[in-house]
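A short write-up of the structure that comes next.
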There are 2 protein chains.
Amino acid sequence: MPDHNRPAFELTILGSSSATPTSTRNPTSQFLTISDRYMLIDCGEGTQMQLRRYKIKFQRIDHIFISHLHGDHYLGLPGLLASMHLLGRTKPLNLYAPPELQEILEVQHKHSETFLQFPIKFHALSFDKGRLLFEDERLRVDSIVLNHRIPCCGFLFREKEMPRKIKAEALKKYNIPLKNINGIKEGNDFKTGDGTVIPNAEITLDPPDPRSYAYCSDTIYDESLIEKLRGADLLYHEATFMNDMKERAKETYHSTASQAGTIAKRSKVKKLIIGHFSARYNDLDGLLSEARTVFKDTELALEGERFSP
Amino acid sequence: MPDHNRPAFELTILGSSSATPTSTRNPTSQFLTISDRYMLIDCGEGTQMQLRRYKIKFQRIDHIFISHLHGDHYLGLPGLLASMHLLGRTKPLNLYAPPELQEILEVQHKHSETFLQFPIKFHALSFDKGRLLFEDERLRVDSIVLNHRIPCCGFLFREKEMPRKIKAEALKKYNIPLKNINGIKEGNDFKTGDGTVIPNAEITLDPPDPRSYAYCSDTIYDESLIEKLRGADLLYHEATFMNDMKERAKETYHSTASQAGTIAKRSKVKKLIIGHFSARYNDLDGLLSEARTVFKDTELALEGERFSP
């Protein structure tokens, strides 16, 4: 019997190309589900078609995070919002994005005479330091300031510690009443009818370790990230170029596959996903093996691939 | 021996869905080539990926026509312009569109700090009456004012009459000198050395009939179009709904398949293409047969299909 059924924590890659898409690679977007929270991370052109392709119910998305305002990271958003509207959405949508995105959307909606039937709760990103963006009983999401040509944030998604699990046999053996359950899950000991104290550790199991996902969309090689990403279960780090183009990477405030591997290794994450590949690479094997030379547990962000910590 | 090699006149469907795309149908866009002129008509989300899919060299496109500012007709434009820029375009691009599109693009470019390396020659559409938009020695393009919820234009592409063809045997028989050739092609008779007048009709062939394509993107059923479309070789007319939803079509300023057929029949065009299908229709056979009941020579605008007059 499994000790516990963990809630979902799954990332789906919707697009992995850098600025110019190719015939097989879409611009950046990822779909993340943690428990029953549906979240979209960046929304390049074609994201709504990709969501349909992978049969993701996009009306269930309540949080959209946009890292920065280069077109390959947000140009799919107006179309997605329009489709949500046309398909009858009324519930609010949380949008975490650079403040200027509001003006971009307003101008478009004005000229198309579009009046969305659902409210957008706009949460303006700031770029001075990482901030808490969202928190509930299961999850917290923080921004990570990245160093790119224009203001840009990554995002860190962290599960919260779950309550302890009461052992089924302990429930039966000590006939634990309902009113004590929540306290025991939070770590209380249990006192039986005759006053005997049963230590919490004897009647409960440790909760699973909280899982985390860090998303670094567009960034120059930046060692100040290492501390912020430390120990993440899953790290997405852009790898626009191979290392023979590291000068070009630096000029354009992007990273190489080798640099992504270095950040993963030094921040001691468990798994690295690389993406945002330049259109010049038809074959991605070179990028993958370059990153793996530095950090073994690396995978490619390929359209439709799913990852869990 | 063929009488003449006609230059290309070919339409490629890039997207055929109405406002919400489906997993198999993209929002509206069409690629038209007449002689060596490459033109794009509307540019819904994902158009640049569709151009790649069908191996169309998009840097050769010099004219883009945007019918109106509903998102499904232009949201792919910013991404296409960005890719043209990133791939090194420097030659000018002509953009025919509602004037407000300039503001939309400017706001986006400002916030992404994008400075296109090629000039956009912006030609603002007007909506009071049809206007000449472009003309050269081979082609003229006029706008057709449509009746939709927001200002909207269709486009009429017409080849110009080509010069007459001189018969090869006449050239030889009368030993026609080079200096007379152009005049004869324009319809002049030929006077031989002894003063005999050879009538033009005897030494030339009629040029082929000029071909035409009319594009009616989004429009309510509108009989005032009949005169404007009269005799077109190829007509694209939207058919968002089937006739059982004609009230819904009217409310949303769209047309039914049957209404598209009626416009085609009454304007005596040669062939009708219907498109802009509502996402509610998985199977398009009903739309096609409904239109064909009224106008036999009807085809569906399916992604990747090519049509010539």
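Every chain in the structure tokens has a letter given in the order shown (A, B, ...), and although residue numbers restart at 1 in each chain, ligands are simply numbered from 1 in the order shown.
If you take only C-alpha atoms and a cut-off of 6 Å, the residues of chain B that reach chain A are Thr20, Ser23, Gly46, Met49, Arg52, Arg53, Leu69, His70, Ser83 and Ser112 of chain B.
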**Request:** Mind listing the strand (DSSP E or B) residues of region 39-220 of chain A, per DSSP on the backbone, as JSON, numbers by chain?
**Result:** {"A": [39, 40, 41, 42, 43, 61, 62, 63, 64, 65, 93, 94, 95, 96, 97, 120, 121, 122, 123, 124, 132, 133, 134, 135, 139, 140, 141, 142, 143, 144, 145, 146, 152, 153, 154, 155, 156, 157, 158, 159, 165, 166, 190, 191, 197, 198, 204, 205, 212, 213, 214, 215, 216]}
**Message:** Ranking A:Met162, A:Ile263, A:Met39, A:Leu178 by minimum distance to Ile226 (chain A) and counting only C-alpha atoms, which one comes first?
**Reply:**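 The answer is A:Ile263, which sits nearest to Ile226 (chain A).
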**Message:** Can you tell me which residues surround Phe190 (chain A) at a distance of at most 9 Å, considering only C-alpha atoms, apart from same-chain residues fewer than 4 positions away, and format the answer as a PyMOL selection string?
**Reply:** chain A and resi 174+176+180+183-184+196-200+203
**Request:** Grab the CA of Leu125 (chain B) to CA of Gly154 (chain B) distance for me, in Å with one decimal place.
**Result:**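 That distance, rounded to one decimal, is 10.4 Å.
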Neighbour list for Ser278 (chain A) as a PDB file with N, CA and C atoms, in the first residue's frame, cut-off 7 Å, only C-alpha atoms, skip fewer than 5 positions in-chain:
ATOM      1  N   SER A  17      11.443  27.116 -28.537  1.00  0.00           N
ATOM      2  CA  SER A  17      12.358  27.840 -29.418  1.00  0.00           C
ATOM      3  C   SER A  17      12.699  29.196 -28.824  1.00  0.00           C
ATOM      4  N   SER A  18      13.795  29.761 -29.299  1.00  0.00           N
ATOM      5  CA  SER A  18      14.086  31.144 -28.940  1.00  0.00           C
ATOM      6  C   SER A  18      13.334  32.038 -29.921  1.00  0.00           C
ATOM      7  N   THR A 240      20.291  28.971 -25.078  1.00  0.00           N
ATOM      8  CA  THR A 240      20.030  29.422 -26.445  1.00  0.00           C
ATOM      9  C   THR A 240      21.105  28.941 -27.418  1.00  0.00           C
ATOM     10  N   PHE A 241      22.359  28.910 -26.934  1.00  0.00           N
ATOM     11  CA  PHE A 241      23.494  28.610 -27.809  1.00  0.00           C
ATOM     12  C   PHE A 241      24.344  27.463 -27.248  1.00  0.00           C
TER      13      PHE A 241
END
**Item:** Near-Asp62 (chain B) list (7 Å; only C-alpha atoms; drop same-chain fewer than 6 positions) as a list in words
**Value:**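 In the requested form, the answer reads Tyr38, Met39, Leu93 and Asn94 of chain B.
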**Message:** Would you compute the distance between CA of Leu205 (chain B) and CA of Glu159 (chain B)? Give it in Å to one decimal.
**Reply:**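 Distance reported for this atom pair: 18.2 Å.
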**Item:** Residues within 10 Å of Ser217 (chain A), only C-alpha atoms, excluding chain neighbours under 5 positions, as a PyMOL selection string
**Value:** chain A and resi 18+28-29+41-42+66-68+73+146+148+152-155+236-239+254+274-276
**Message:** Between CA of Ala264 (chain B) and CA of Ile61 (chain B), what distance in Å does the model show, to one decimal?
**Reply:**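 Rounded to one decimal, the two atoms are 28.9 Å apart.
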**Prompt:** Can you list, as a ChimeraX atom specification, every residue of region 24-241 of chain A that DSSP puts in alpha helix (DSSP H)?
**Reply:** /A:47-53,77-86,101-112,168-173,178-185,200-203,225-229
**Item:** Residue contacts of Gly261 (chain A) (6 Å, only C-alpha atoms) excluding same-chain residues fewer than 3 positions away, as a list in words
**Value:**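 The neighbour list is Ser258, Ala264, Ala291, Val294 and Phe295 of chain A.
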Take the residues from that selection and put them in a file with C-alpha atoms, as a compact mmCIF listing (two decimals), in the first residue's frame.
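Done, and the output landed in result_22.txt:
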# COMPACT_ATOMS: atom_id res chain seq x y z
CA SER A 258 27.39 24.46 -20.78
CA ALA A 264 22.51 23.51 -12.29
CA ALA A 291 25.06 20.40 -20.83
CA VAL A 294 28.77 19.50 -16.87
CA PHE A 295 25.55 18.25 -15.27
